[in-house]
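Coordinates from model-v3.cif are shown below (mmCIF, C-alpha atoms and all ligand atoms).
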```
data_input
loop_
_atom_site.label_atom_id
_atom_site.label_comp_id
_atom_site.auth_asym_id
_atom_site.auth_seq_id
_atom_site.Cartn_x
_atom_site.Cartn_y
_atom_site.Cartn_z
CA MET A 1 3.59 -0.22 16.03
CA SER A 2 1.33 2.29 17.72
CA ASN A 3 -1.49 0.85 19.80
CA THR A 4 -4.04 3.38 18.71
CA VAL A 5 -3.72 2.91 14.97
CA ARG A 6 -5.35 -0.16 13.50
CA PRO A 7 -2.73 -1.78 11.29
CA LEU A 8 -3.22 -2.73 7.66
CA ILE A 9 -1.46 -5.62 5.99
CA ALA A 10 -1.82 -5.18 2.24
CA GLY A 11 -0.86 -7.54 -0.57
CA ASN A 12 -0.07 -6.21 -4.04
CA TRP A 13 -0.32 -9.01 -6.57
CA LYS A 14 1.00 -6.79 -9.39
CA MET A 15 0.79 -8.49 -12.85
CA ASN A 16 0.71 -12.01 -11.49
CA GLY A 17 -1.79 -14.83 -11.49
CA LEU A 18 -4.95 -15.84 -13.31
CA SER A 19 -8.36 -15.94 -11.75
CA ASP A 20 -8.60 -19.63 -10.82
CA GLU A 21 -5.34 -20.01 -8.93
CA SER A 22 -5.53 -16.51 -7.44
CA GLY A 23 -9.11 -17.11 -6.33
CA ALA A 24 -7.98 -20.30 -4.60
CA GLN A 25 -5.23 -18.37 -2.79
CA LEU A 26 -7.71 -15.70 -1.72
CA LYS A 27 -10.10 -18.35 -0.41
CA ALA A 28 -7.26 -19.96 1.53
CA LEU A 29 -6.36 -16.58 3.04
CA ILE A 30 -9.97 -15.88 3.99
CA GLU A 31 -10.19 -19.26 5.66
CA LYS A 32 -7.22 -18.30 7.84
CA THR A 33 -8.59 -14.83 8.61
CA ASN A 34 -11.91 -16.36 9.67
CA SER A 35 -10.12 -17.62 12.75
CA ILE A 36 -9.28 -14.04 13.81
CA GLY A 37 -12.65 -12.51 13.04
CA ASN A 38 -12.42 -8.75 12.90
CA ALA A 39 -9.53 -8.55 15.37
CA ASN A 40 -6.84 -5.91 15.54
CA CYS A 41 -5.88 -5.71 11.91
CA ASP A 42 -7.20 -4.88 8.44
CA VAL A 43 -6.20 -7.08 5.52
CA LEU A 44 -6.17 -5.95 1.89
CA ILE A 45 -5.44 -7.70 -1.40
CA CYS A 46 -4.87 -5.74 -4.63
CA PRO A 47 -5.31 -8.18 -7.53
CA PRO A 48 -4.93 -7.48 -11.27
CA ALA A 49 -7.87 -5.45 -12.55
CA THR A 50 -9.17 -8.27 -14.75
CA PHE A 51 -10.39 -10.23 -11.76
CA LEU A 52 -11.09 -7.48 -9.25
CA ARG A 53 -14.82 -8.10 -9.40
CA GLU A 54 -14.41 -11.85 -8.93
CA MET A 55 -12.06 -11.34 -5.95
CA SER A 56 -14.45 -8.77 -4.47
CA SER A 57 -17.27 -11.26 -4.55
CA ILE A 58 -15.10 -14.01 -3.04
CA ALA A 59 -14.05 -11.62 -0.25
CA ALA A 60 -17.54 -10.22 0.41
CA GLY A 61 -18.45 -10.62 4.07
CA SER A 62 -14.89 -11.54 5.10
CA VAL A 63 -12.32 -9.32 6.83
CA VAL A 64 -10.29 -9.12 3.61
CA SER A 65 -10.78 -5.94 1.58
CA ILE A 66 -10.02 -5.70 -2.13
CA GLY A 67 -8.25 -2.84 -3.89
CA GLY A 68 -7.12 -1.72 -7.32
CA GLN A 69 -3.44 -1.25 -8.14
CA ASP A 70 -3.89 2.05 -9.97
CA CYS A 71 -6.58 4.32 -11.37
CA HIS A 72 -6.76 7.15 -13.88
CA SER A 73 -7.26 10.64 -12.54
CA ALA A 74 -10.18 11.41 -14.87
CA GLU A 75 -13.70 10.23 -14.21
CA LYS A 76 -14.15 9.03 -17.80
CA GLY A 77 -13.04 9.77 -21.33
CA ALA A 78 -10.74 8.86 -24.18
CA HIS A 79 -7.98 7.07 -22.24
CA THR A 80 -7.53 3.73 -23.97
CA GLY A 81 -6.58 0.93 -21.63
CA ASP A 82 -7.03 2.95 -18.44
CA LEU A 83 -9.54 2.50 -15.64
CA SER A 84 -11.21 5.25 -13.65
CA ALA A 85 -11.51 5.12 -9.88
CA ASN A 86 -15.26 4.81 -10.39
CA MET A 87 -14.71 1.65 -12.42
CA ILE A 88 -12.45 0.23 -9.71
CA ALA A 89 -15.12 1.01 -7.10
CA ASP A 90 -17.78 -0.50 -9.35
CA THR A 91 -16.07 -3.91 -9.04
CA GLY A 92 -16.66 -3.87 -5.27
CA ALA A 93 -13.11 -2.76 -4.44
CA THR A 94 -12.76 -0.36 -1.52
CA TYR A 95 -9.09 0.68 -1.77
CA CYS A 96 -6.76 1.77 -4.55
CA LEU A 97 -2.96 1.98 -4.65
CA VAL A 98 -1.57 5.08 -6.32
CA GLY A 99 1.97 6.14 -7.09
CA HIS A 100 3.61 2.74 -6.72
CA SER A 101 7.24 3.10 -7.78
CA GLU A 102 6.64 0.72 -10.69
CA ARG A 103 3.98 3.14 -11.96
CA ARG A 104 6.22 6.13 -11.28
CA THR A 105 9.06 4.46 -13.21
CA ASP A 106 7.26 2.52 -15.97
CA HIS A 107 4.66 5.20 -16.69
CA ASN A 108 6.58 8.35 -15.73
CA GLU A 109 4.05 9.24 -13.07
CA THR A 110 4.87 12.48 -11.27
CA ASN A 111 3.78 13.54 -7.80
CA GLY A 112 1.16 15.76 -9.44
CA MET A 113 -0.30 12.82 -11.35
CA VAL A 114 -0.28 10.64 -8.25
CA LYS A 115 -2.07 13.34 -6.28
CA ALA A 116 -4.74 13.67 -9.00
CA LYS A 117 -5.21 9.88 -9.02
CA ALA A 118 -5.51 9.83 -5.23
CA GLU A 119 -8.11 12.61 -5.37
CA SER A 120 -10.05 10.66 -7.93
CA ALA A 121 -9.89 7.58 -5.67
CA LEU A 122 -11.27 9.61 -2.75
CA ALA A 123 -14.02 11.05 -4.93
CA SER A 124 -15.08 7.46 -5.67
CA ASN A 125 -15.06 6.61 -1.97
CA LEU A 126 -11.98 4.44 -2.28
CA ILE A 127 -9.28 4.55 0.37
CA ALA A 128 -6.12 5.76 -1.37
CA VAL A 129 -2.83 4.03 -0.57
CA VAL A 130 -0.24 6.59 -1.64
CA CYS A 131 3.21 5.08 -2.21
CA VAL A 132 6.46 6.97 -1.75
CA GLY A 133 10.09 5.88 -1.68
CA GLU A 134 13.62 6.86 -2.62
CA THR A 135 15.86 5.24 -5.23
CA LEU A 136 19.21 3.72 -4.29
CA GLU A 137 20.99 6.67 -5.87
CA GLU A 138 18.97 9.13 -3.80
CA ARG A 139 19.70 7.15 -0.63
CA GLU A 140 23.42 7.02 -1.39
CA GLN A 141 23.45 10.76 -1.97
CA GLY A 142 21.83 11.33 1.44
CA LYS A 143 18.66 12.67 -0.13
CA THR A 144 16.19 10.14 1.29
CA LEU A 145 14.35 12.40 3.71
CA THR A 146 14.15 15.32 1.27
CA VAL A 147 12.77 13.08 -1.48
CA ILE A 148 10.22 11.55 0.87
CA THR A 149 9.05 14.94 2.12
CA ASP A 150 8.65 16.12 -1.45
CA GLN A 151 6.66 13.02 -2.40
CA VAL A 152 4.45 13.11 0.70
CA LYS A 153 3.68 16.82 0.39
CA ASN A 154 2.99 16.71 -3.34
CA SER A 155 1.31 13.31 -3.76
CA LEU A 156 -1.18 13.41 -0.90
CA PRO A 157 -4.73 14.13 -2.08
CA LYS A 158 -6.57 17.27 -1.09
CA GLY A 159 -8.99 16.26 1.64
CA ALA A 160 -6.74 13.45 2.92
CA THR A 161 -7.62 12.14 6.37
CA ALA A 162 -6.46 9.18 8.39
CA LYS A 163 -9.67 7.43 7.35
CA ASN A 164 -9.46 7.86 3.59
CA THR A 165 -5.71 7.78 2.97
CA VAL A 166 -2.82 5.46 3.82
CA VAL A 167 0.85 6.22 3.11
CA ALA A 168 3.16 3.36 2.09
CA TYR A 169 6.90 3.91 2.37
CA GLU A 170 8.61 1.66 -0.13
CA PRO A 171 12.30 2.27 -0.84
CA VAL A 172 12.56 1.55 -4.57
CA TRP A 173 15.77 -0.45 -4.11
CA ALA A 174 14.09 -2.77 -1.60
CA ILE A 175 11.17 -3.77 -3.83
CA GLY A 176 11.46 -7.33 -5.11
CA THR A 177 15.20 -7.44 -4.35
CA GLY A 178 15.25 -9.27 -1.03
CA LYS A 179 17.07 -6.23 0.43
CA THR A 180 15.51 -4.27 3.26
CA PRO A 181 16.67 -1.14 5.03
CA THR A 182 17.80 -1.65 8.62
CA PRO A 183 15.01 -1.32 11.18
CA SER A 184 16.55 1.95 12.33
CA ASP A 185 16.49 3.32 8.77
CA VAL A 186 12.81 2.35 8.45
CA ALA A 187 12.06 3.90 11.85
CA GLU A 188 13.83 7.11 10.86
CA VAL A 189 11.85 7.52 7.62
CA HIS A 190 8.52 6.64 9.25
CA ALA A 191 9.08 9.13 12.07
CA HIS A 192 9.97 11.71 9.43
CA ILE A 193 6.79 11.01 7.44
CA ARG A 194 4.72 11.28 10.62
CA LYS A 195 6.28 14.66 11.32
CA ASP A 196 5.63 15.84 7.77
CA LEU A 197 2.01 14.74 8.06
CA GLN A 198 1.61 16.54 11.38
CA GLY A 199 2.39 19.75 9.53
CA ILE A 200 -0.37 19.09 7.00
CA LEU A 201 -3.19 17.12 8.66
CA SER A 202 -5.08 17.42 11.90
CA ASP A 203 -5.35 13.65 12.37
CA ALA A 204 -1.82 12.77 11.23
CA ASP A 205 -1.17 10.60 14.28
CA ASN A 206 -3.90 8.20 13.17
CA MET A 207 -2.84 7.83 9.56
CA ARG A 208 -1.58 4.38 8.72
CA LEU A 209 2.03 4.33 7.53
CA LEU A 210 2.91 1.04 5.85
CA TYR A 211 6.40 -0.22 5.15
CA GLY A 212 6.92 -2.08 1.87
CA GLY A 213 9.89 -3.68 0.13
CA SER A 214 10.86 -7.34 0.54
CA VAL A 215 8.61 -7.91 3.56
CA LYS A 216 8.30 -11.61 4.34
CA GLY A 217 7.36 -13.87 7.22
CA SER A 218 10.92 -13.89 8.53
CA ASN A 219 11.39 -10.10 8.81
CA ALA A 220 7.82 -8.88 9.35
CA SER A 221 7.64 -8.99 13.13
CA GLU A 222 10.79 -6.91 13.55
CA LEU A 223 9.56 -4.31 11.05
CA MET A 224 5.99 -4.25 12.36
CA ALA A 225 7.23 -3.68 15.92
CA LEU A 226 8.71 -0.31 14.98
CA GLU A 227 7.06 2.89 16.14
CA HIS A 228 5.13 4.61 13.34
CA VAL A 229 5.00 1.41 11.27
CA ASN A 230 1.31 0.59 11.07
CA GLY A 231 1.39 -2.30 8.67
CA ALA A 232 2.97 -3.54 5.47
CA LEU A 233 2.58 -3.43 1.71
CA VAL A 234 3.72 -6.80 0.44
CA GLY A 235 4.43 -7.87 -3.14
CA GLY A 236 6.02 -11.28 -3.75
CA ALA A 237 5.14 -12.74 -0.36
CA SER A 238 1.45 -11.90 -0.81
CA LEU A 239 0.87 -14.20 -3.78
CA LYS A 240 0.47 -17.34 -1.73
CA ALA A 241 -1.73 -17.43 1.36
CA ALA A 242 0.84 -19.62 3.12
CA ASP A 243 3.49 -16.89 2.74
CA PHE A 244 1.20 -13.95 3.41
CA TRP A 245 -0.53 -15.30 6.49
CA PRO A 246 2.57 -15.23 8.78
CA ILE A 247 2.91 -11.51 7.94
CA VAL A 248 -0.74 -10.88 8.86
CA GLU A 249 -0.19 -12.86 12.05
CA THR A 250 2.43 -10.37 13.26
CA CYS A 251 -0.41 -7.85 13.72
CA ILE A 252 -3.08 -9.94 15.39
P1 LIG B 301 7.98 -6.89 -2.67
O1 LIG B 301 7.10 -5.72 -3.33
O2 LIG B 301 7.34 -7.25 -1.38
O3 LIG B 301 7.95 -7.99 -3.68
O4 LIG B 301 9.35 -6.32 -2.48
C1 LIG B 301 6.56 -4.71 -2.52
C2 LIG B 301 5.73 -3.78 -3.35
O5 LIG B 301 6.10 -3.46 -4.47
O6 LIG B 301 4.66 -3.34 -2.90
#
```
Would you encode the structure as structure tokens?
Amino acid sequence: MSNTVRPLIAGNWKMNGLSDESGAQLKALIEKTNSIGNANCDVLICPPATFLREMSSIAAGSVVSIGGQDCHSAEKGAHTGDLSANMIADTGATYCLVGHSERRTDHNETNGMVKAKAESALASNLIAVVCVGETLEEREQGKTLTVITDQVKNSLPKGATAKNTVVAYEPVWAIGTGKTPTPSDVAEVHAHIRKDLQGILSDADNMRLLYGGSVKGSNASELMALEHVNGALVGGASLKAADFWPIVETCI
């Protein structure tokens, strides 16, 4: 972890939870973060869209930020079931994930679509968390770094800066499987992403690069200690404050 980049520990609740229980978990998390004040680390929770507004009002005034899990690239229009970035921002959310591998797989999202979504997020003053990651097949074929470069170059929004954009590296085969790459594999990909970004952005060294895929309390400190790893994107272990908090603690 670089000293100059303020880390971000983000929880992605995916399609889990209902407002009561999830609100209780968020309150429990906020209670724990109150002990750290605004120290060293940003904390983000991305709940299902149905209770984004409720979670935003619970988190108001705390160090926990709230984000959407996806947004449409258009500002408005005939897109049944979709939500615009403006609508996400209107709930009080300040971040939005785009290009999560589950979106890329379940909804056939291409790099071009992810980029358009990220641009829409920026236009609504949301911080875009752009997710990239290789499949197992791509890793086994030795294509990891090429795939990642392609995703980074073609999914990053126009106008991306270290302030408005975060990149999350999530190997598809590590998500929800309990499998993680070795620390040296993670370090290799993160260094590669940093280098790619240096070719595109003037403030690449300050952009937060999160690792995601089966992060939990027991492996977080090893992963977070790696150079160019500036935080985590956590799925399963973010649902309960008691599981998520030890991950946050590795950064404070
Ligand atoms: P996981 O999910 O922590 O459950 O592997 C990570 C993610 O999809 O962001």
Could you list, as a JSON list (two decimals) with C-alpha atoms, keeping the file's coordinate frame, all the residues within 8 Å of ligand LIG 301 (chain B), counting only C-alpha atoms and all ligand atoms?
```json
[["chain", "number", "residue", "atom", "x", "y", "z"],
["A", 11, "GLY", "CA", -0.86, -7.54, -0.57],
["A", 12, "ASN", "CA", -0.07, -6.21, -4.04],
["A", 14, "LYS", "CA", 1.00, -6.79, -9.39],
["A", 100, "HIS", "CA", 3.61, 2.74, -6.72],
["A", 101, "SER", "CA", 7.24, 3.10, -7.78],
["A", 102, "GLU", "CA", 6.64, 0.72, -10.69],
["A", 170, "GLU", "CA", 8.61, 1.66, -0.13],
["A", 174, "ALA", "CA", 14.09, -2.77, -1.60],
["A", 175, "ILE", "CA", 11.17, -3.77, -3.83],
["A", 176, "GLY", "CA", 11.46, -7.33, -5.11],
["A", 177, "THR", "CA", 15.20, -7.44, -4.35],
["A", 178, "GLY", "CA", 15.25, -9.27, -1.03],
["A", 212, "GLY", "CA", 6.92, -2.08, 1.87],
["A", 213, "GLY", "CA", 9.89, -3.68, 0.13],
["A", 214, "SER", "CA", 10.86, -7.34, 0.54],
["A", 215, "VAL", "CA", 8.61, -7.91, 3.56],
["A", 216, "LYS", "CA", 8.30, -11.61, 4.34],
["A", 233, "LEU", "CA", 2.58, -3.43, 1.71],
["A", 234, "VAL", "CA", 3.72, -6.80, 0.44],
["A", 235, "GLY", "CA", 4.43, -7.87, -3.14],
["A", 236, "GLY", "CA", 6.02, -11.28, -3.75],
["A", 237, "ALA", "CA", 5.14, -12.74, -0.36],
["A", 238, "SER", "CA", 1.45, -11.90, -0.81]]
```
Got a sec: who's within 7 Å of stretch 129-138 of chain A, counting all atoms listed in the file, leaving out chain neighbours fewer than 3 positions off, as a PDB file with C-alpha atoms, in the frame of the given file?
```pdb
ATOM      1  CA  CYS A  96      -6.760   1.770  -4.550  1.00  0.00           C
ATOM      2  CA  LEU A  97      -2.960   1.980  -4.650  1.00  0.00           C
ATOM      3  CA  VAL A  98      -1.570   5.080  -6.320  1.00  0.00           C
ATOM      4  CA  GLY A  99       1.970   6.140  -7.090  1.00  0.00           C
ATOM      5  CA  HIS A 100       3.610   2.740  -6.720  1.00  0.00           C
ATOM      6  CA  GLN A 141      23.450  10.760  -1.970  1.00  0.00           C
ATOM      7  CA  GLY A 142      21.830  11.330   1.440  1.00  0.00           C
ATOM      8  CA  LYS A 143      18.660  12.670  -0.130  1.00  0.00           C
ATOM      9  CA  THR A 144      16.190  10.140   1.290  1.00  0.00           C
ATOM     10  CA  VAL A 147      12.770  13.080  -1.480  1.00  0.00           C
ATOM     11  CA  ILE A 148      10.220  11.550   0.870  1.00  0.00           C
ATOM     12  CA  GLN A 151       6.660  13.020  -2.400  1.00  0.00           C
ATOM     13  CA  VAL A 152       4.450  13.110   0.700  1.00  0.00           C
ATOM     14  CA  LEU A 156      -1.180  13.410  -0.900  1.00  0.00           C
ATOM     15  CA  THR A 165      -5.710   7.780   2.970  1.00  0.00           C
ATOM     16  CA  VAL A 166      -2.820   5.460   3.820  1.00  0.00           C
ATOM     17  CA  VAL A 167       0.850   6.220   3.110  1.00  0.00           C
ATOM     18  CA  ALA A 168       3.160   3.360   2.090  1.00  0.00           C
ATOM     19  CA  TYR A 169       6.900   3.910   2.370  1.00  0.00           C
ATOM     20  CA  GLU A 170       8.610   1.660  -0.130  1.00  0.00           C
ATOM     21  CA  PRO A 171      12.300   2.270  -0.840  1.00  0.00           C
ATOM     22  CA  VAL A 172      12.560   1.550  -4.570  1.00  0.00           C
ATOM     23  CA  TRP A 173      15.770  -0.450  -4.110  1.00  0.00           C
TER      24      TRP A 173
END
```
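Contact shell of A:Ser57 at 9 Å (all atoms listed in the file; same-chain neighbours under 4 positions omitted): Leu52, Arg53, Gly61, Thr91 and Gly92 of chain A.
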Pairwise distance for atom CA of A:Arg103 and atom CA of A:Asp70, rounded to one decimal in Å: 8.2 Å
I want to know what sits within 7 Å of A:Asp196, based on all atoms listed in the file, with residues of the same chain fewer than 4 positions away left out; could you give that as number ranges by chain? A: 149, 192, 200
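In this structure, atom CA of A:Asp185 sits 23.7 Å away from atom CA of A:Ala162.
Using only C-alpha atoms, the smallest distance between any of A:Ile252, A:Pro183, A:Gly217, A:Leu239 and A:Glu21 comes from A:Leu239.
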Just the residues within 6 Å of stretch 111-119 of chain A, please, counting only C-alpha atoms, with nothing from its chain fewer than 2 positions along; format it as a CSV table (one decimal) with C-alpha atoms, in the frame of the given file.
```
chain,number,residue,atom,x,y,z
A,72,HIS,CA,-6.8,7.2,-13.9
A,73,SER,CA,-7.3,10.6,-12.5
A,99,GLY,CA,2.0,6.1,-7.1
A,109,GLU,CA,4.0,9.2,-13.1
A,121,ALA,CA,-9.9,7.6,-5.7
A,122,LEU,CA,-11.3,9.6,-2.8
A,128,ALA,CA,-6.1,5.8,-1.4
A,154,ASN,CA,3.0,16.7,-3.3
A,155,SER,CA,1.3,13.3,-3.8
A,156,LEU,CA,-1.2,13.4,-0.9
A,157,PRO,CA,-4.7,14.1,-2.1
```
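Reported to one decimal place, the separation of atom CA of A:Thr180 from atom CA of A:Leu18 is 28.8 Å.
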Test item: residues at most 7 Å from A:Cys251, all atoms listed in the file, excluding those fewer than 6 positions along its chain, as a PyMOL selection string: chain A and resi 7+40-41
Between A:Thr161, A:Thr250, A:Ala242, A:Ala24, which has the minimum distance to A:Asn230 (counting all atoms listed in the file)? A:Thr250
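Considering the residues A:Ala59, A:Ala89, A:Met207, A:Leu201 and counting all atoms listed in the file, A:Thr33 has its shortest atom-to-atom contact with A:Ala59.
Of the residues under consideration (A:Cys71, A:Trp245, A:Val186, A:Ser84), A:Val186 shows the shortest atom-to-atom contact distance to A:Met224 when counting all atoms listed in the file.
Nearest-residue note for A:Asp203: choosing from A:Ile127, A:Leu44, A:Ala160, A:Leu8, the minimum distance belongs to A:Ala160, counting all atoms listed in the file.
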Draw an axis-aligned box over all listed atoms of stretch 16-23 of chain A, pad each side with 5 Å, and write its centre and edge lengths in Å, one decimal, as lines of an AutoDock Vina configuration file.
```
center_x = -4.2
center_y = -16.0
center_z = -9.8
size_x = 19.8
size_y = 18.0
size_z = 17.0
```
Residue among A:Ser202, A:Ser184, A:Ser62, A:Gln69 lying closest to A:Val229, counting all atoms listed in the file: A:Ser184
